[in-house]
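Visitor: final02.tsv is the file, holding TSV, C-alpha atoms:
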chain	number	residue	atom	x	y	z
A	1	MET	CA	113.36	70.77	104.22
A	2	ASN	CA	109.65	71.58	104.58
A	3	LYS	CA	108.90	74.16	101.90
A	4	GLN	CA	105.35	75.05	102.83
A	5	LEU	CA	104.61	78.77	102.71
A	6	LEU	CA	101.45	80.33	104.11
A	7	ILE	CA	100.62	83.89	103.06
A	8	ILE	CA	97.92	85.55	105.13
A	9	GLY	CA	96.56	88.29	102.93
A	10	PHE	CA	94.92	91.45	104.19
A	11	VAL	CA	93.04	91.28	100.88
A	12	TRP	CA	93.13	88.95	97.88
A	13	PRO	CA	95.82	90.25	95.48
A	14	GLU	CA	94.69	92.64	92.74
A	15	PRO	CA	97.79	93.29	90.61
A	16	LYS	CA	95.78	95.26	88.03
A	17	SER	CA	94.28	97.52	90.68
A	18	SER	CA	97.08	98.37	93.08
A	19	ALA	CA	100.84	98.39	93.58
A	20	ALA	CA	100.32	96.27	96.70
A	21	GLY	CA	98.74	93.59	94.54
A	22	SER	CA	101.69	93.66	92.13
A	23	ARG	CA	104.11	93.45	95.03
A	24	MET	CA	102.35	90.39	96.40
A	25	MET	CA	102.54	88.66	93.02
A	26	GLN	CA	106.29	89.35	92.92
A	27	LEU	CA	106.74	87.68	96.31
A	28	ILE	CA	104.66	84.71	95.18
A	29	SER	CA	106.82	84.36	92.08
A	30	PHE	CA	110.02	84.45	94.14
A	31	PHE	CA	108.91	81.72	96.53
A	32	GLN	CA	107.61	79.54	93.71
A	33	THR	CA	111.02	79.82	92.04
A	34	GLN	CA	112.54	78.51	95.28
A	35	GLY	CA	110.28	75.46	95.19
A	36	TYR	CA	107.78	76.43	97.88
A	37	HIS	CA	104.22	75.13	97.86
A	38	ILE	CA	102.12	78.20	98.60
A	39	THR	CA	98.80	78.55	100.35
A	40	PHE	CA	97.18	81.98	100.20
A	41	ALA	CA	94.63	82.63	102.92
A	42	SER	CA	92.51	85.68	103.65
A	43	ALA	CA	89.55	86.64	105.78
A	44	CYS	CA	88.60	89.33	103.25
A	45	ALA	CA	85.74	88.89	100.81
A	46	LYS	CA	87.02	88.18	97.30
A	47	SER	CA	86.35	90.99	94.81
A	48	ASP	CA	85.75	90.64	91.07
A	49	ASN	CA	89.14	92.28	90.46
A	50	ALA	CA	91.11	89.74	92.49
A	51	PHE	CA	93.64	87.56	90.71
A	52	ASP	CA	92.81	83.85	90.76
A	53	VAL	CA	95.93	82.50	92.43
A	54	GLU	CA	94.80	78.93	91.79
A	55	THR	CA	95.81	79.40	88.14
A	56	LEU	CA	99.41	79.49	89.43
A	57	GLY	CA	99.03	76.26	91.36
A	58	ILE	CA	98.50	78.09	94.65
A	59	THR	CA	96.02	76.77	97.20
A	60	LYS	CA	93.32	79.23	98.29
A	61	LYS	CA	91.84	79.25	101.75
A	62	THR	CA	89.18	81.49	103.25
A	63	ILE	CA	89.82	81.95	106.97
A	64	GLN	CA	87.77	83.43	109.77
A	65	LEU	CA	88.71	86.13	112.25
A	66	ASN	CA	88.50	85.20	115.93
A	67	ASP	CA	87.85	81.56	115.17
A	68	GLY	CA	89.68	78.46	116.39
A	69	SER	CA	89.31	76.85	112.95
A	70	PHE	CA	92.42	78.79	111.93
A	71	ASP	CA	94.45	76.87	114.53
A	72	ASP	CA	93.26	73.56	113.11
A	73	PHE	CA	94.05	74.78	109.60
A	74	ILE	CA	97.68	75.71	110.28
A	75	ILE	CA	98.34	72.65	112.41
A	76	GLU	CA	97.32	70.51	109.46
A	77	LEU	CA	99.18	72.62	106.91
A	78	GLN	CA	102.40	72.91	108.94
A	79	PRO	CA	103.97	75.81	107.03
A	80	SER	CA	107.65	76.43	107.66
A	81	VAL	CA	107.29	80.10	106.64
A	82	VAL	CA	104.35	82.43	107.26
A	83	ILE	CA	104.08	85.84	105.60
A	84	PHE	CA	101.73	88.42	107.06
A	85	ASP	CA	100.47	90.84	104.43
A	86	ARG	CA	100.54	94.13	106.38
A	87	PHE	CA	100.67	94.47	110.13
A	88	MET	CA	96.91	94.15	110.65
A	89	THR	CA	97.01	90.47	109.70
A	90	GLU	CA	99.88	89.88	112.10
A	91	GLU	CA	97.84	91.44	114.89
A	92	GLN	CA	94.95	89.10	114.15
A	93	PHE	CA	96.78	85.88	113.42
A	94	GLY	CA	100.37	86.28	114.66
A	95	TRP	CA	99.72	85.00	118.17
A	96	ARG	CA	97.94	81.94	116.79
A	97	VAL	CA	100.87	81.14	114.47
A	98	ALA	CA	103.38	81.64	117.30
A	99	GLU	CA	101.35	79.45	119.66
A	100	GLN	CA	100.59	76.58	117.28
A	101	LEU	CA	103.75	76.69	115.14
A	102	PRO	CA	106.56	78.11	117.30
A	103	ASN	CA	109.25	76.99	114.85
A	104	ALA	CA	107.70	78.63	111.78
A	105	LEU	CA	109.53	81.66	110.40
A	106	ARG	CA	107.30	84.74	110.67
A	107	ILE	CA	107.76	87.46	108.04
A	108	LEU	CA	105.91	90.77	107.85
A	109	ASP	CA	105.53	92.39	104.43
A	110	THR	CA	104.80	96.00	105.30
A	111	GLU	CA	103.90	97.07	101.69
A	112	ASP	CA	104.51	100.61	102.91
A	113	LEU	CA	104.72	102.12	106.38
A	114	HIS	CA	101.09	102.72	107.19
A	115	PHE	CA	101.89	104.96	110.13
A	116	LEU	CA	104.02	107.22	107.93
A	117	ARG	CA	101.25	107.56	105.36
A	118	LYS	CA	98.66	108.18	108.09
A	119	GLY	CA	100.86	110.74	109.81
A	120	ARG	CA	101.52	112.63	106.61
A	121	GLU	CA	97.84	112.63	105.78
A	122	ALA	CA	96.97	113.99	109.23
A	123	ALA	CA	99.50	116.81	108.85
A	124	TYR	CA	98.20	117.63	105.37
A	125	ARG	CA	94.56	117.68	106.47
A	126	LYS	CA	95.40	120.04	109.35
A	127	HIS	CA	97.59	122.27	107.13
A	128	GLU	CA	100.53	121.61	109.46
A	129	GLU	CA	104.18	120.91	108.77
A	130	PHE	CA	104.88	117.19	109.20
A	131	SER	CA	106.68	116.52	112.50
A	132	ASN	CA	107.14	113.94	115.24
A	133	VAL	CA	103.70	114.90	116.54
A	134	HIS	CA	102.22	113.31	113.41
A	135	LEU	CA	104.82	110.54	113.05
A	136	PHE	CA	104.54	109.08	116.54
A	137	ASN	CA	100.89	108.11	116.13
A	138	ASP	CA	98.94	105.08	117.31
A	139	PHE	CA	99.52	103.33	113.99
A	140	ALA	CA	103.27	103.67	114.58
A	141	LYS	CA	102.98	101.95	117.96
A	142	ARG	CA	101.00	99.08	116.45
A	143	GLU	CA	103.05	98.66	113.27
A	144	ILE	CA	106.47	98.78	114.92
A	145	ALA	CA	105.30	96.39	117.65
A	146	SER	CA	104.28	94.02	114.86
A	147	MET	CA	107.75	94.28	113.32
A	148	TYR	CA	109.38	93.37	116.62
A	149	ARG	CA	107.12	90.33	117.00
A	150	CYS	CA	108.15	89.00	113.58
A	151	ASP	CA	111.47	87.45	112.65
A	152	LEU	CA	111.89	89.72	109.63
A	153	SER	CA	110.07	92.69	108.12
A	154	LEU	CA	110.28	93.49	104.42
A	155	ILE	CA	110.68	97.23	103.80
A	156	ILE	CA	109.97	98.50	100.30
A	157	SER	CA	111.70	101.90	100.42
A	158	LYS	CA	115.23	102.98	101.39
A	159	ALA	CA	113.74	106.12	102.90
A	160	GLU	CA	111.59	103.98	105.18
A	161	MET	CA	114.58	101.81	106.12
A	162	GLN	CA	116.45	104.95	107.20
A	163	LEU	CA	113.44	106.20	109.15
A	164	LEU	CA	113.08	102.93	111.07
A	165	GLU	CA	116.80	102.60	111.78
A	166	ASN	CA	117.52	106.23	112.67
A	167	ARG	CA	114.34	107.66	114.15
A	168	PHE	CA	112.97	104.51	115.78
A	169	GLN	CA	116.27	102.70	116.40
A	170	MET	CA	114.95	99.44	114.94
A	171	PRO	CA	117.60	96.67	114.93
A	172	LYS	CA	118.93	96.16	111.41
A	173	GLN	CA	118.69	92.38	111.65
A	174	LEU	CA	114.89	92.63	111.90
A	175	LEU	CA	114.59	94.60	108.66
A	176	PHE	CA	115.25	93.72	105.03
A	177	TYR	CA	115.12	96.17	102.14
A	178	LEU	CA	113.15	94.52	99.34
A	179	PRO	CA	111.78	97.01	96.79
A	180	PHE	CA	109.71	96.23	93.71
A	181	LEU	CA	111.44	93.42	91.82
A	182	VAL	CA	111.80	94.56	88.21
A	183	GLU	CA	113.12	92.77	85.15
A	184	PRO	CA	115.81	94.81	83.35
A	185	ILE	CA	114.54	96.79	80.36
A	186	SER	CA	116.61	95.61	77.39
A	187	GLU	CA	117.58	97.86	74.52
A	188	VAL	CA	115.39	95.77	72.22
A	189	THR	CA	112.38	96.38	74.46
A	190	GLN	CA	113.20	100.08	74.67
A	191	GLN	CA	113.30	100.40	70.89
A	192	GLN	CA	109.94	98.65	70.50
A	193	LEU	CA	108.08	101.15	72.70
A	194	PRO	CA	105.99	103.92	71.03
A	195	SER	CA	108.03	106.99	70.12
A	196	PHE	CA	107.46	110.60	71.20
A	197	GLU	CA	105.58	111.28	67.95
A	198	ASN	CA	103.31	108.26	68.39
A	199	ARG	CA	102.07	109.22	71.84
A	200	ASP	CA	99.34	111.61	72.90
A	201	HIS	CA	97.92	113.14	76.05
A	202	PHE	CA	98.64	112.92	79.76
A	203	VAL	CA	97.67	110.01	81.97
A	204	THR	CA	97.12	109.26	85.66
A	205	ILE	CA	96.52	105.86	87.17
A	206	GLY	CA	95.83	104.55	90.64
A	207	ASN	CA	93.30	102.87	92.87
A	208	PHE	CA	90.81	105.63	93.75
A	209	ILE	CA	89.88	104.01	97.05
A	210	HIS	CA	93.42	104.83	98.19
A	211	PRO	CA	93.25	108.32	99.81
A	212	PRO	CA	96.54	109.69	98.35
A	213	ASN	CA	95.35	108.83	94.82
A	214	TYR	CA	91.94	110.41	95.24
A	215	ASP	CA	93.48	113.56	96.74
A	216	ALA	CA	95.92	113.78	93.81
A	217	LEU	CA	92.99	113.45	91.39
A	218	LEU	CA	91.21	116.39	93.06
A	219	TYR	CA	94.43	118.41	93.05
A	220	LEU	CA	94.79	117.81	89.32
A	221	LYS	CA	91.17	118.65	88.62
A	222	GLU	CA	90.98	121.83	90.68
A	223	THR	CA	94.48	123.31	90.46
A	224	ILE	CA	96.95	121.76	88.04
A	225	TRP	CA	95.02	120.62	84.98
A	226	PRO	CA	93.26	123.96	84.26
A	227	LYS	CA	96.67	125.63	84.03
A	228	ILE	CA	98.10	122.92	81.77
A	229	LYS	CA	95.00	123.07	79.57
A	230	LEU	CA	95.46	126.82	79.06
A	231	LYS	CA	98.95	126.20	77.67
A	232	LEU	CA	98.12	122.98	75.81
A	233	PRO	CA	94.48	123.37	74.69
A	234	LYS	CA	94.49	120.18	72.57
A	235	ALA	CA	95.84	117.95	75.33
A	236	GLU	CA	93.70	115.61	77.43
A	237	LEU	CA	94.21	114.04	80.81
A	238	HIS	CA	93.09	110.40	80.94
A	239	ASN	CA	92.47	109.30	84.53
A	240	TYR	CA	92.49	105.53	85.13
A	241	GLY	CA	91.79	103.73	88.37
A	242	ALA	CA	89.79	100.98	90.02
A	243	TYR	CA	86.96	101.65	92.46
A	244	GLY	CA	85.90	104.98	91.00
A	245	ALA	CA	82.73	105.78	92.93
A	246	GLN	CA	80.25	108.49	91.97
A	247	LYS	CA	82.42	111.17	93.52
A	248	VAL	CA	85.12	110.22	90.99
A	249	GLU	CA	82.81	109.82	88.01
A	250	GLN	CA	81.34	113.29	88.49
A	251	LEU	CA	84.78	114.83	87.87
A	252	HIS	CA	84.61	113.76	84.21
A	253	ASN	CA	84.45	116.76	81.86
A	254	GLN	CA	84.85	116.24	78.12
A	255	LYS	CA	85.05	119.97	77.38
A	256	GLU	CA	87.93	120.41	79.84
A	257	GLY	CA	89.69	117.33	78.51
A	258	PHE	CA	89.58	115.82	82.01
A	259	LEU	CA	88.44	112.27	81.33
A	260	ILE	CA	87.62	109.59	83.93
A	261	LYS	CA	88.40	106.31	82.21
A	262	GLY	CA	87.80	103.81	85.03
A	263	ARG	CA	89.80	100.68	85.65
A	264	ALA	CA	92.54	99.92	83.13
A	265	ASP	CA	92.44	96.35	81.84
A	266	ASN	CA	96.07	96.71	80.85
A	267	ALA	CA	98.12	99.40	82.59
A	268	ASN	CA	100.99	98.96	80.15
A	269	THR	CA	98.76	99.77	77.19
A	270	VAL	CA	97.30	102.97	78.59
A	271	ILE	CA	100.57	104.24	80.07
A	272	GLY	CA	102.65	103.18	77.08
A	273	SER	CA	100.45	105.15	74.67
A	274	ALA	CA	100.51	108.34	76.77
A	275	LYS	CA	103.14	111.02	76.45
A	276	VAL	CA	103.49	111.97	80.14
A	277	LEU	CA	102.22	110.54	83.44
A	278	LEU	CA	101.21	112.94	86.21
A	279	ALA	CA	101.41	111.96	89.90
A	280	PRO	CA	101.22	115.06	92.14
A	281	LEU	CA	100.87	113.14	95.41
A	282	ARG	CA	100.56	115.32	98.52
A	283	PHE	CA	100.87	112.53	101.09
A	284	GLY	CA	101.66	108.83	101.06
A	285	ALA	CA	104.45	106.34	101.74
A	286	GLY	CA	106.30	103.41	100.17
A	287	LEU	CA	107.15	103.16	96.48
A	288	LYS	CA	104.68	104.38	93.90
A	289	GLY	CA	103.80	101.58	91.52
A	290	LYS	CA	102.49	104.00	88.90
A	291	LEU	CA	105.98	105.50	88.52
A	292	PHE	CA	107.48	102.07	88.00
A	293	ASP	CA	104.82	101.31	85.39
A	294	ALA	CA	105.71	104.59	83.66
A	295	MET	CA	109.45	103.86	83.61
A	296	GLN	CA	108.89	100.33	82.31
A	297	ASN	CA	106.82	101.73	79.46
A	298	GLY	CA	109.22	104.53	78.62
A	299	THR	CA	106.76	107.20	79.76
A	300	PRO	CA	108.26	110.24	81.52
A	301	TYR	CA	106.46	111.37	84.65
A	302	LEU	CA	106.09	114.38	86.90
A	303	THR	CA	105.60	113.89	90.61
A	304	SER	CA	106.10	115.37	94.07
A	305	LYS	CA	108.88	114.82	96.60
A	306	ILE	CA	106.71	112.26	98.38
A	307	GLY	CA	105.99	110.55	95.06
A	308	ALA	CA	109.70	110.38	94.23
A	309	GLU	CA	110.73	109.15	97.68
A	310	GLY	CA	112.73	105.93	97.55
A	311	ILE	CA	113.01	106.12	93.74
A	312	LEU	CA	114.85	109.27	92.70
A	313	ASP	CA	118.00	110.78	94.13
A	314	THR	CA	119.05	114.40	93.63
A	315	ASP	CA	120.63	113.65	90.23
A	316	PHE	CA	117.24	112.80	88.72
A	317	MET	CA	114.83	115.15	90.50
A	318	ASP	CA	115.07	118.13	88.17
A	319	PRO	CA	112.90	118.68	86.10
A	320	VAL	CA	110.70	115.85	87.35
A	321	VAL	CA	109.84	116.65	90.97
A	322	ALA	CA	107.83	119.69	92.03
A	323	ASP	CA	105.60	120.43	95.01
A	324	HIS	CA	104.50	123.91	93.94
A	325	PRO	CA	101.64	123.71	91.41
A	326	ASP	CA	103.04	126.37	89.06
A	327	THR	CA	106.40	124.61	88.88
A	328	PHE	CA	104.63	121.31	88.33
A	329	VAL	CA	102.67	122.82	85.44
A	330	ASP	CA	105.82	124.26	83.83
A	331	TYR	CA	107.60	120.91	84.10
A	332	ALA	CA	104.60	119.10	82.62
A	333	VAL	CA	104.30	121.44	79.63
A	334	ASN	CA	108.04	121.33	78.94
A	335	CYS	CA	108.13	117.54	79.07
A	336	TYR	CA	105.09	117.28	76.81
A	337	THR	CA	106.46	119.63	74.12
A	338	ASP	CA	110.25	119.22	74.23
A	339	LYS	CA	111.25	116.00	72.47
A	340	ASP	CA	114.88	116.14	73.61
A	341	LEU	CA	113.86	116.57	77.24
A	342	TRP	CA	111.24	113.83	76.89
A	343	MET	CA	113.80	111.37	75.51
A	344	LYS	CA	116.30	112.28	78.24
A	345	LEU	CA	113.72	111.60	80.95
A	346	GLN	CA	112.75	108.34	79.27
A	347	GLN	CA	116.36	107.15	79.34
A	348	ASN	CA	116.71	108.24	82.95
A	349	GLY	CA	113.77	105.99	83.80
A	350	PHE	CA	115.38	102.97	82.14
A	351	LYS	CA	118.64	103.70	83.95
A	352	ILE	CA	116.94	103.97	87.36
A	353	LEU	CA	115.15	100.65	86.90
A	354	ASN	CA	118.14	98.75	85.57
A	355	GLU	CA	120.64	100.07	88.11
A	356	ASN	CA	118.55	100.34	91.28
A	357	PHE	CA	115.72	97.80	91.02
A	358	ASP	CA	117.08	94.79	89.12
A	359	LYS	CA	115.22	91.86	90.65
A	360	SER	CA	118.07	89.34	90.39
A	361	SER	CA	120.35	91.07	92.89
A	362	TYR	CA	117.61	91.57	95.48
A	363	GLU	CA	116.28	88.03	95.11
A	364	THR	CA	119.77	86.62	95.66
A	365	ALA	CA	120.25	88.67	98.82
A	366	PHE	CA	116.76	87.84	100.10
A	367	LEU	CA	117.28	84.12	99.58
A	368	LYS	CA	120.56	84.28	101.50
A	369	ARG	CA	118.91	86.10	104.43
A	370	LEU	CA	115.95	83.70	104.36
A	371	GLU	CA	118.15	80.61	104.51
A	372	SER	CA	120.26	82.09	107.31
A	373	LEU	CA	117.15	82.86	109.35
A	374	ILE	CA	115.71	79.38	108.88
A	375	GLN	CA	118.98	77.77	109.95
A	376	ASN	CA	119.55	80.03	112.96
A	377	LEU	CA	116.02	80.95	113.97
A	378	GLN	CA	116.29	80.39	117.72
A	379	GLN	CA	119.61	82.22	117.98
A	380	GLU	CA	118.19	85.17	116.01
A	381	ARG	CA	115.09	85.30	118.21
A	382	ALA	CA	117.21	85.22	121.36
A	383	LEU	CA	118.71	88.56	120.30
A	384	ASN	CA	115.27	90.17	119.97
A	385	PHE	CA	114.31	90.71	123.61
A	386	THR	CA	111.89	93.52	122.73
A	387	GLY	CA	110.05	91.16	120.40
A	388	GLN	CA	109.84	88.51	123.12
A	389	MET	CA	108.50	91.09	125.55
A	390	LEU	CA	105.88	92.35	123.11
A	391	MET	CA	104.84	88.83	122.23
A	392	HIS	CA	104.39	88.07	125.92
A	393	HIS	CA	102.47	91.21	126.88
A	394	THR	CA	100.89	92.93	123.88
A	395	MET	CA	99.66	89.84	122.14
A	396	GLN	CA	98.05	88.47	125.29
A	397	GLY	CA	95.48	91.25	125.10
A	398	THR	CA	94.77	90.47	121.44
A	399	LYS	CA	94.67	86.77	122.20
A	400	TYR	CA	92.12	86.94	124.98
A	401	MET	CA	89.96	89.49	123.20
A	402	SER	CA	89.88	87.15	120.20
A	403	LYS	CA	89.02	84.17	122.39
A	404	TRP	CA	86.24	86.17	124.07
A	405	ILE	CA	84.77	87.04	120.66
A	406	GLU	CA	85.13	83.42	119.60
A	407	LEU	CA	83.18	82.21	122.63
A	408	LYS	CA	80.60	84.97	122.20
A	409	ASN	CA	79.96	83.80	118.63
A	410	LEU	CA	79.25	80.22	119.64
Could you rewrite the structure in this file as structure tokens?

Guide:
Amino acid sequence: MNKQLLIIGFVWPEPKSSAAGSRMMQLISFFQTQGYHITFASACAKSDNAFDVETLGITKKTIQLNDGSFDDFIIELQPSVVIFDRFMTEEQFGWRVAEQLPNALRILDTEDLHFLRKGREAAYRKHEEFSNVHLFNDFAKREIASMYRCDLSLIISKAEMQLLENRFQMPKQLLFYLPFLVEPISEVTQQQLPSFENRDHFVTIGNFIHPPNYDALLYLKETIWPKIKLKLPKAELHNYGAYGAQKVEQLHNQKEGFLIKGRADNANTVIGSAKVLLAPLRFGAGLKGKLFDAMQNGTPYLTSKIGAEGILDTDFMDPVVADHPDTFVDYAVNCYTDKDLWMKLQQNGFKILNENFDKSSYETAFLKRLESLIQNLQQERALNFTGQMLMHHTMQGTKYMSKWIELKNL
């Protein structure tokens, strides 16, 4: 069997900067374990924060948008599986893969549902209650069309699986629930983590170029942190994140204990030494990598309903999840000062990871689905008439626009 995998990245993976980067590294690890030779290609400029995938034995390839050289590249490579990192790469390159390599399995890794995040942001900005008016946006049309054109779409959150199946009536065979793949936290590891007494201060972490993270930072600065500081005058809030532009740096205030720390070289170190992580997200989608980092490091966290989506069920939401700022502040102060509560929330985090996100069970199921798709690809595609229709019509527009640009650039 040809075990050539091509990953077309929207960006080069930055596991220390974003949850999306960590997710991509998990997928790479899975396919390497299965014996695939991996080529990672991207049209994006490589940043200083990008992980050097060549250190893992992965081939790197810079590709061009709207350029026939990509066709020559994939014809020579002959991948049996192609993963599109977010729907935008499928829009750009999906028709080329389908045309040149019709027998290659096409997988879309959504990371999160972009249209859901965009819709929630639009509702929030307009001070409106989120509804179908915001959900059925242009991003939804593009992203769901991309899912239909692929053989399988990886969905990171159960909440998003339910949304696609129930609200959009997506066929189940086109979707696969694959959350963050986490190693179980052993009792030995748990006991080696810093204790309640050996931790200080609050922490936030997240890529500041990501709108939900920047909004949460402003929310903390303007509304939540001043109230916490009144009740805990010696506490500090350490804010970590990549791509902190001047608008982020100017929020730093030593006197208020609101400290902008910049990019964390090691997220485990900064989160593991903090007493509580704060993540009051007011819009967003997918799973929140910062909450997984907190649970892995035994650090209790406070978040919003959107932050907890896909991670916490009703048994674990109280006293962790709050959308009202005063309730959020009360929860934060209680968690910071009450050792028994802190230890209970820490154990809840370990339990959630070990019971709901153990990588071995998901990898086994994913491998089984992958092998079934490869063996029965044409039969599976025959059942997806909507995908065939969209490939025939929608992608023709993308194809000929791309070819026009290509000729124009000659």

Visitor: Would you list the contacts of range 293-303 of chain A as a CSV table (one decimal) with C-alpha atoms, in the frame of the given file, taking every protein, DNA or RNA residue within 7 Å and counting all atoms listed in the file, but skipping same-chain residues closer than 3 positions in sequence?

Guide:
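Saved result, result-v3.csv, follows:
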chain,number,residue,atom,x,y,z
A,185,ILE,CA,114.5,96.8,80.4
A,193,LEU,CA,108.1,101.2,72.7
A,268,ASN,CA,101.0,99.0,80.2
A,271,ILE,CA,100.6,104.2,80.1
A,272,GLY,CA,102.6,103.2,77.1
A,275,LYS,CA,103.1,111.0,76.4
A,276,VAL,CA,103.5,112.0,80.1
A,277,LEU,CA,102.2,110.5,83.4
A,278,LEU,CA,101.2,112.9,86.2
A,279,ALA,CA,101.4,112.0,89.9
A,280,PRO,CA,101.2,115.1,92.1
A,281,LEU,CA,100.9,113.1,95.4
A,289,GLY,CA,103.8,101.6,91.5
A,290,LYS,CA,102.5,104.0,88.9
A,307,GLY,CA,106.0,110.6,95.1
A,308,ALA,CA,109.7,110.4,94.2
A,320,VAL,CA,110.7,115.8,87.4
A,321,VAL,CA,109.8,116.6,91.0
A,322,ALA,CA,107.8,119.7,92.0
A,332,ALA,CA,104.6,119.1,82.6
A,342,TRP,CA,111.2,113.8,76.9
A,345,LEU,CA,113.7,111.6,81.0
A,346,GLN,CA,112.8,108.3,79.3
A,349,GLY,CA,113.8,106.0,83.8
A,350,PHE,CA,115.4,103.0,82.1

Visitor: For Lys229 in chain A, which of A:Gly241, A:Gly257, A:Gly9, A:Gly206 is the closest residue, counting all atoms listed in the file?

Guide: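 Of the candidates, the smallest distance to Lys229 in chain A is held by A:Gly257.
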
Visitor: Mind listing whatever residues come within 12 Å of the point (112.0, 106.6, 119.2)? Use all atoms listed in the file, file coordinates, and give them as a PyMOL selection string.

Guide: chain A and resi 132+135-137+140-141+144+163-170

Visitor: Smallest atom-to-atom distance to Met147 in chain A: which of A:Leu377, A:Leu174, A:Val97, A:Ala216, using all atoms listed in the file?

Guide: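 Smallest distance to Met147 in chain A is found for A:Leu174.
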
Visitor: Taking only C-alpha atoms into account, name the residue in A:His324, A:Lys227, A:Lys3, A:Lys60 that is nearest to Val81 in chain A.

Guide: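 That would be A:Lys3, the residue with the smallest distance to Val81 in chain A.
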
Visitor: Could you pull the residues within 7 Å of Ser17 in chain A, counting all atoms listed in the file, minus those fewer than 3 positions along the same chain, as a VMD selection string?

Guide: chain A and resid 14 207 242

Visitor: Which is closer to Gly119 in chain A than all the others in A:Phe93, A:Tyr243, A:Phe202, A:Phe283, using all atoms listed in the file?

Guide: A:Phe283

Visitor: What gap, in Å, lies between CA of Tyr124 in chain A and CA of Met88 in chain A?

Guide: 24.1 Å

Visitor: Would you mind listing what lies within 8 Å of Leu390 in chain A as a list in words, with all atoms listed in the file counted and same-chain residues fewer than 6 positions away left out?

Guide: Ala145, Tyr148 and Arg149 of chain A

Visitor: Work out how far apart CA of Thr62 in chain A and CA of Ser42 in chain A are and give it in Å to one decimal.

Guide: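 Rounded to one decimal, the two atoms are 5.4 Å apart.
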
Visitor: Please measure the separation of CA of Met317 in chain A and CA of Gly284 in chain A, giving the value in Å to one decimal.

Guide: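 Spanning CA of Met317 in chain A to CA of Gly284 in chain A is a straight-line distance of 18.0 Å.
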
Visitor: What lies within 10 Å of Phe366 in chain A using only C-alpha atoms, ignoring chain neighbours under 3 positions off, as a list of chain:residue names?

Guide: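 Non-adjacent residues within range: A:Phe30, A:Leu154, A:Phe176, A:Tyr177, A:Leu178, A:Ser360, A:Ser361, A:Tyr362, A:Glu363, A:Arg369, A:Leu370, A:Glu371, A:Ser372.
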
Visitor: Return the single residue from A:Asp109, A:Glu236, A:Leu101, A:Val270 that is closest to Ser80 in chain A, with distances computed using all atoms listed in the file.

Guide: A:Leu101

Visitor: Write out as a VMD selection string each polymer residue whose atoms come within 12 Å of Asn253 in chain A, counting all atoms listed in the file; drop sequence neighbours fewer than 3 positions from it.

Guide: chain A and resid 221 225 to 226 236 to 239 248 to 250 256 to 261

Visitor: With distances taken over only C-alpha atoms, which of A:Val53, A:Ala285, A:Cys44, A:Ile228 is nearest to Ile155 in chain A?

Guide: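 Checking each candidate against Ile155 in chain A, we get A:Ala285 as the closest.
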
Visitor: List every protein, DNA or RNA residue that has at least one atom no more than 9 Å from (107.8, 78.7, 108.6) in the file's coordinates, counting only C-alpha atoms, and write the result as a list in words.

Guide: Asn2, Lys3, Gln4, Leu5, Leu6, Gln78, Pro79, Ser80, Val81, Val82, Ile83, Leu101, Pro102, Asn103, Ala104, Leu105, Arg106, Ile107 and Ile374 of chain A
